[in-house]
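Asker: Before I ask anything, here is the structure I am working with.
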Amino acid sequence: MDLSIKIGKLKLKNPVTVASGTFGYAEEFKDLVKLSDLGAIITKTITKEPRLGNATPRLAETASGMLNAIGLQNEGLDNFIKVKLPKLKKMGTKIIVSVSANSALEFIYCVRKLKDAGVEAVELNLSCPNIKYAKLKASNNEKARIFAQVADDTYTLVSAVAKKTDVVLIAKLSPNVTDITEIAIAAEKAGADALSLVNTFSAMAIDIDTCNPRLANVSGGLSGPAIKPIALKMVYDVFKAVRIPIIGMGGIMNADDAIEFMIAGATAISVGTANFVNPGVSMEVIAGIKSYCKKKKIENLKQIIGTVKT
Amino acid sequence: MLYDLKAKIIKNKKLTPSIYYLELKIPKLAGKLIPGQFLHVRLLGTTDPLLRRPLSVNRIVNKNNVGIVYKVVGKGTYLLKEMAVGETVDVLGPLGNGFDLSKIENNKGPVIFVAGGMGIAPFVFLAKYLRVKKRKVIAFVGMDTKKELVVIDELKKLGCKVKVSTDDGSRGFKGYVSDMLEKYLAKPQTRIPKPYIYACGPKPMLKALRDVAASYNLKGQVSLDEMMGCGIGACLGCVVKTRNFTEQGAKEVKEIVYKRICKDGPVFDINEIIWED
């Protein structure tokens, strides 16, 4: 049985990755997860300069889900390269570094520095719902939007990085759009090697006693099993619209959920919020995919990916 | 070393209409916990609530069991109270840094506990530690009303002198626990030798306590209670604003840092936290 898959030039030993922001820089999980067994680790997003993050409260629980508005708190690119990256490289699995930036130039700067530090693959976080975005074009007098809500912005940023660097480039897209396939096609045309689908859903919760929003940021991103069917449909739609591989995510709690995403069209999957609830879940997902393949006599995951009968 | 274990419920007993005592059999963990640490408890078989509940360790029983005192405040604790002896929950721990006891080694003064509401939870465990070290402990306990007073007798049995305040005046001092402490400290003889404070409770209480401690130049530690995501330092959900500080007092705020309550805390130096928004 061969569980390996490819994301551009990047070969993963299995399709199970951990989603950005849900696994820290992996060392937090080392007692509970055999890190070298993971297909890949996608890091917490880093930015050029350190970020303090949003005010508190940053979390709220909702039915079968949670809202977060962390605001990309991180220690900045230089500190990441100096302190976190050397440890990550020793973990025995592929490392995908998630990066957010304000402009094409800043993305290029960060990705080049990461490449020089030995990073093979980068996820461009174009879709965090909890930060302020810059307007990319002077001519555009609309309000600033999440980059991945605008096909042109997605194209501009991905193509700029793709032209100037040669790392494996994954664009992480937002579900908060009218038609995600338009954005996905723009990212593919711009030269993305793969797509991460989907980031969290813009959402809110209110305390009815105080009438205050439960998050200091007012709104946040909804994740967890509540979003799974919506995320799954987006993966299914995008799979039909592009040729590049998809890393599917959104409420995956177990191997069955992961397999469902693969049947919908995901080449790889990310376990996200489930890591908070059950820190060893990624190992259970790998084991579950193995036993599914055994039961179904599947030799290669290509026999599953995108095989939904429609 | 972190463990994620299944734990059998040994006791789940009502102490007051809303406060319960839970005892879990966790031989692998029980001996590894220190006062001020917590367990992250997951109810199995549901995704609503989705997240774990961080619950403070109240005591270790017979070296194998962990006792927890919890208040029913939402869906998670409601479902927990409905669980029967013999049923299983999932437990992640040991988590967090406990109270730092090295700070009182060279301090000859009494130890002062300040507990507000369910902030009482970790102090039975801490009192047991301090009894072994033969320390004099005065516990200031604040509750809304006398009906919610729990584990006071355990503290007394462990040699603590207990002073109670209630918001409604149904027992002891009428008012806030920080005001009761202030009144006590106003007598100069109570401050020689200097007491050291360990506190746990809601944020407004701890903020008021910070002011009392500052006005009498007392040192101490506070344990924060907060909703948590992962509990292991990964999600950055349960952070608190902190500053560079010295033990002599709060320094001017130059650099604000969000620290993780679950991993860098839940116990912090009283001068480290920035309470103001």
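Chain labels run A, B, ... following the order of the structure tokens; each chain numbers its residues from 1, and ligands are numbered from 1 in the order shown.
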Give me, as a list in words, the residues of range 149-241 of chain B that a backbone DSSP run labels alpha helix (DSSP H).
Answerer: Ile152, Asp153, Glu154, Leu155, Lys156, Lys157, Val177, Ser178, Asp179, Met180, Leu181, Glu182, Lys183, Tyr184, Leu185, Lys203, Pro204, Met205, Leu206, Lys207, Ala208, Leu209, Arg210, Asp211, Val212, Ala213, Ala214 and Ser215 of chain B
Asker: Compute the set of chain B residues within 8 Å of chain A, using only C-alpha atoms, and express it as a PyMOL selection string.
Answerer: chain B and resi 1-4+42+47-52+227-240+257-258
Asker: Any chance you can output those residues with N, CA and C atoms as a short mmCIF file (atom, residue, chain, number, x, y, z; two decimals), in the first residue's frame?
Answerer:
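Everything below was put into again-v9.cif:
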```cif
data_model
loop_
_atom_site.label_atom_id
_atom_site.label_comp_id
_atom_site.auth_asym_id
_atom_site.auth_seq_id
_atom_site.Cartn_x
_atom_site.Cartn_y
_atom_site.Cartn_z
N MET B 1 6.46 15.51 30.59
CA MET B 1 5.74 14.56 29.73
C MET B 1 4.24 14.76 29.88
N LEU B 2 3.58 14.87 28.72
CA LEU B 2 2.12 15.05 28.70
C LEU B 2 1.43 13.72 28.46
N TYR B 3 0.31 13.52 29.13
CA TYR B 3 -0.47 12.31 28.91
C TYR B 3 -1.89 12.66 28.48
N ASP B 4 -2.43 11.84 27.60
CA ASP B 4 -3.84 11.94 27.22
C ASP B 4 -4.45 10.59 27.56
N ARG B 42 -12.12 16.23 28.61
CA ARG B 42 -12.98 16.12 27.43
C ARG B 42 -14.11 15.13 27.69
N THR B 47 -19.66 16.40 20.05
CA THR B 47 -18.89 17.54 19.57
C THR B 47 -19.53 18.85 20.03
N ASP B 48 -20.50 18.74 20.93
CA ASP B 48 -21.15 19.94 21.47
C ASP B 48 -21.39 19.76 22.95
N PRO B 49 -20.51 20.26 23.80
CA PRO B 49 -19.40 21.17 23.50
C PRO B 49 -18.23 20.46 22.80
N LEU B 50 -17.52 21.25 22.01
CA LEU B 50 -16.41 20.72 21.23
C LEU B 50 -15.12 20.67 22.04
N LEU B 51 -14.87 21.73 22.78
CA LEU B 51 -13.57 21.88 23.44
C LEU B 51 -13.54 21.21 24.80
N ARG B 52 -12.33 21.04 25.30
CA ARG B 52 -12.15 20.50 26.65
C ARG B 52 -12.45 21.57 27.69
N MET B 227 -11.20 30.44 29.71
CA MET B 227 -11.58 29.45 28.72
C MET B 227 -10.36 29.15 27.85
N MET B 228 -10.19 27.89 27.48
CA MET B 228 -9.01 27.52 26.72
C MET B 228 -9.36 26.74 25.46
N GLY B 229 -8.47 26.84 24.48
CA GLY B 229 -8.58 25.99 23.30
C GLY B 229 -7.82 24.72 23.58
N CYS B 230 -6.58 24.67 23.11
CA CYS B 230 -5.82 23.43 23.19
C CYS B 230 -5.35 23.09 24.60
N GLY B 231 -5.01 24.09 25.40
CA GLY B 231 -4.49 23.84 26.74
C GLY B 231 -3.01 23.54 26.79
N ILE B 232 -2.36 23.43 25.62
CA ILE B 232 -0.95 23.03 25.61
C ILE B 232 -0.05 24.08 24.95
N GLY B 233 -0.60 25.27 24.74
CA GLY B 233 0.26 26.36 24.27
C GLY B 233 0.30 26.56 22.77
N ALA B 234 -0.55 25.85 22.03
CA ALA B 234 -0.45 25.93 20.57
C ALA B 234 -1.38 26.98 19.95
N CYS B 235 -2.57 27.16 20.51
CA CYS B 235 -3.57 27.94 19.77
C CYS B 235 -3.52 29.44 20.05
N LEU B 236 -2.88 29.85 21.14
CA LEU B 236 -2.77 31.27 21.53
C LEU B 236 -4.14 31.89 21.80
N GLY B 237 -5.09 31.07 22.22
CA GLY B 237 -6.44 31.57 22.51
C GLY B 237 -6.55 32.17 23.90
N CYS B 238 -5.89 31.59 24.88
CA CYS B 238 -6.10 32.00 26.29
C CYS B 238 -4.98 32.90 26.78
N VAL B 239 -4.68 33.95 26.05
CA VAL B 239 -3.52 34.76 26.43
C VAL B 239 -3.90 35.90 27.39
N VAL B 240 -2.88 36.42 28.05
CA VAL B 240 -3.07 37.57 28.94
C VAL B 240 -1.93 38.54 28.69
N VAL B 257 3.61 41.91 26.21
CA VAL B 257 3.66 40.58 25.60
C VAL B 257 2.40 39.81 26.00
N TYR B 258 1.79 39.16 25.04
CA TYR B 258 0.70 38.25 25.37
C TYR B 258 1.29 36.91 25.75
#
```
Asker: Counting only C-alpha atoms, which residues of range 113-160 of chain A sit at most 9 Å from some atom of range 179-191 of chain A, and what is each one's closest atom pair with its distance in Å to one decimal, listed by chain and rising residue number, as a tab-separated table?
Answerer:
```
residue	atom	partner	partner_atom	distance
A:Ala148	CA	A:Ile183	CA	6.7
A:Gln149	CA	A:Ile183	CA	7.3
A:Val150	CA	A:Ile183	CA	7.0
A:Ala151	CA	A:Ile183	CA	4.8
A:Asp152	CA	A:Ala186	CA	7.3
A:Thr154	CA	A:Ala187	CA	6.1
A:Tyr155	CA	A:Ala190	CA	5.2
A:Thr156	CA	A:Ala190	CA	7.5
A:Leu157	CA	A:Ala190	CA	8.3
A:Val158	CA	A:Ala190	CA	5.6
A:Ser159	CA	A:Ala190	CA	4.3
A:Ala160	CA	A:Ala190	CA	8.1
```
Asker: Mind listing the strand (DSSP E or B) residues of range 167-295 of chain A, per DSSP on the backbone, as a PyMOL selection string?
Answerer: chain A and resi 168-172+194-197+201-203+206+213+220-223+246-248+268-271
Asker: Skipping near chain neighbours, those fewer than 5 positions away, what residues fall within 10 Å of Asp225 in chain B using only C-alpha atoms, listed as a PyMOL selection string?
Answerer: chain B and resi 54-56+118-119+200-203+238+261-262+265-267
Asker: By how many Å are CA of Gly36 in chain B and CA of Leu206 in chain B apart?
Answerer: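 That distance, rounded to one decimal, is 15.6 Å.
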Asker: So, counting only C-alpha atoms, which residue among A:Thr267, A:Ser103, A:Thr310, A:Thr165 is closest to Ile246 in chain A?
Answerer: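 Between A:Thr267, A:Ser103, A:Thr310, A:Thr165, the residue approaching Ile246 in chain A most closely is A:Thr267.
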Asker: Rounded to one decimal in Å, what is the spacing between CA of Arg51 in chain A and CA of Pro204 in chain B?
Answerer: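 Going from CA of Arg51 in chain A over to CA of Pro204 in chain B, I get 27.4 Å.
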Asker: Residues at most 12 Å from Asp100 in chain B, counting only C-alpha atoms, excluding those fewer than 5 positions away in the same chain, as a ChimeraX atom specification?
Answerer: /B:34-37,105,126,129-130,196-198,220-223,265-269
Asker: From the list B:Pro195, B:Gly175, B:Gly142, B:Gly74, which residue is nearest Lys163 in chain B when using only C-alpha atoms?
Answerer: B:Gly142
Asker: Of the residues B:Leu95, B:Val150, B:Val164, B:Ala115, which is the one nearest to Arg260 in chain B, using only C-alpha atoms?
Answerer: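 Comparing B:Leu95, B:Val150, B:Val164, B:Ala115 against Arg260 in chain B, the winner is B:Leu95.
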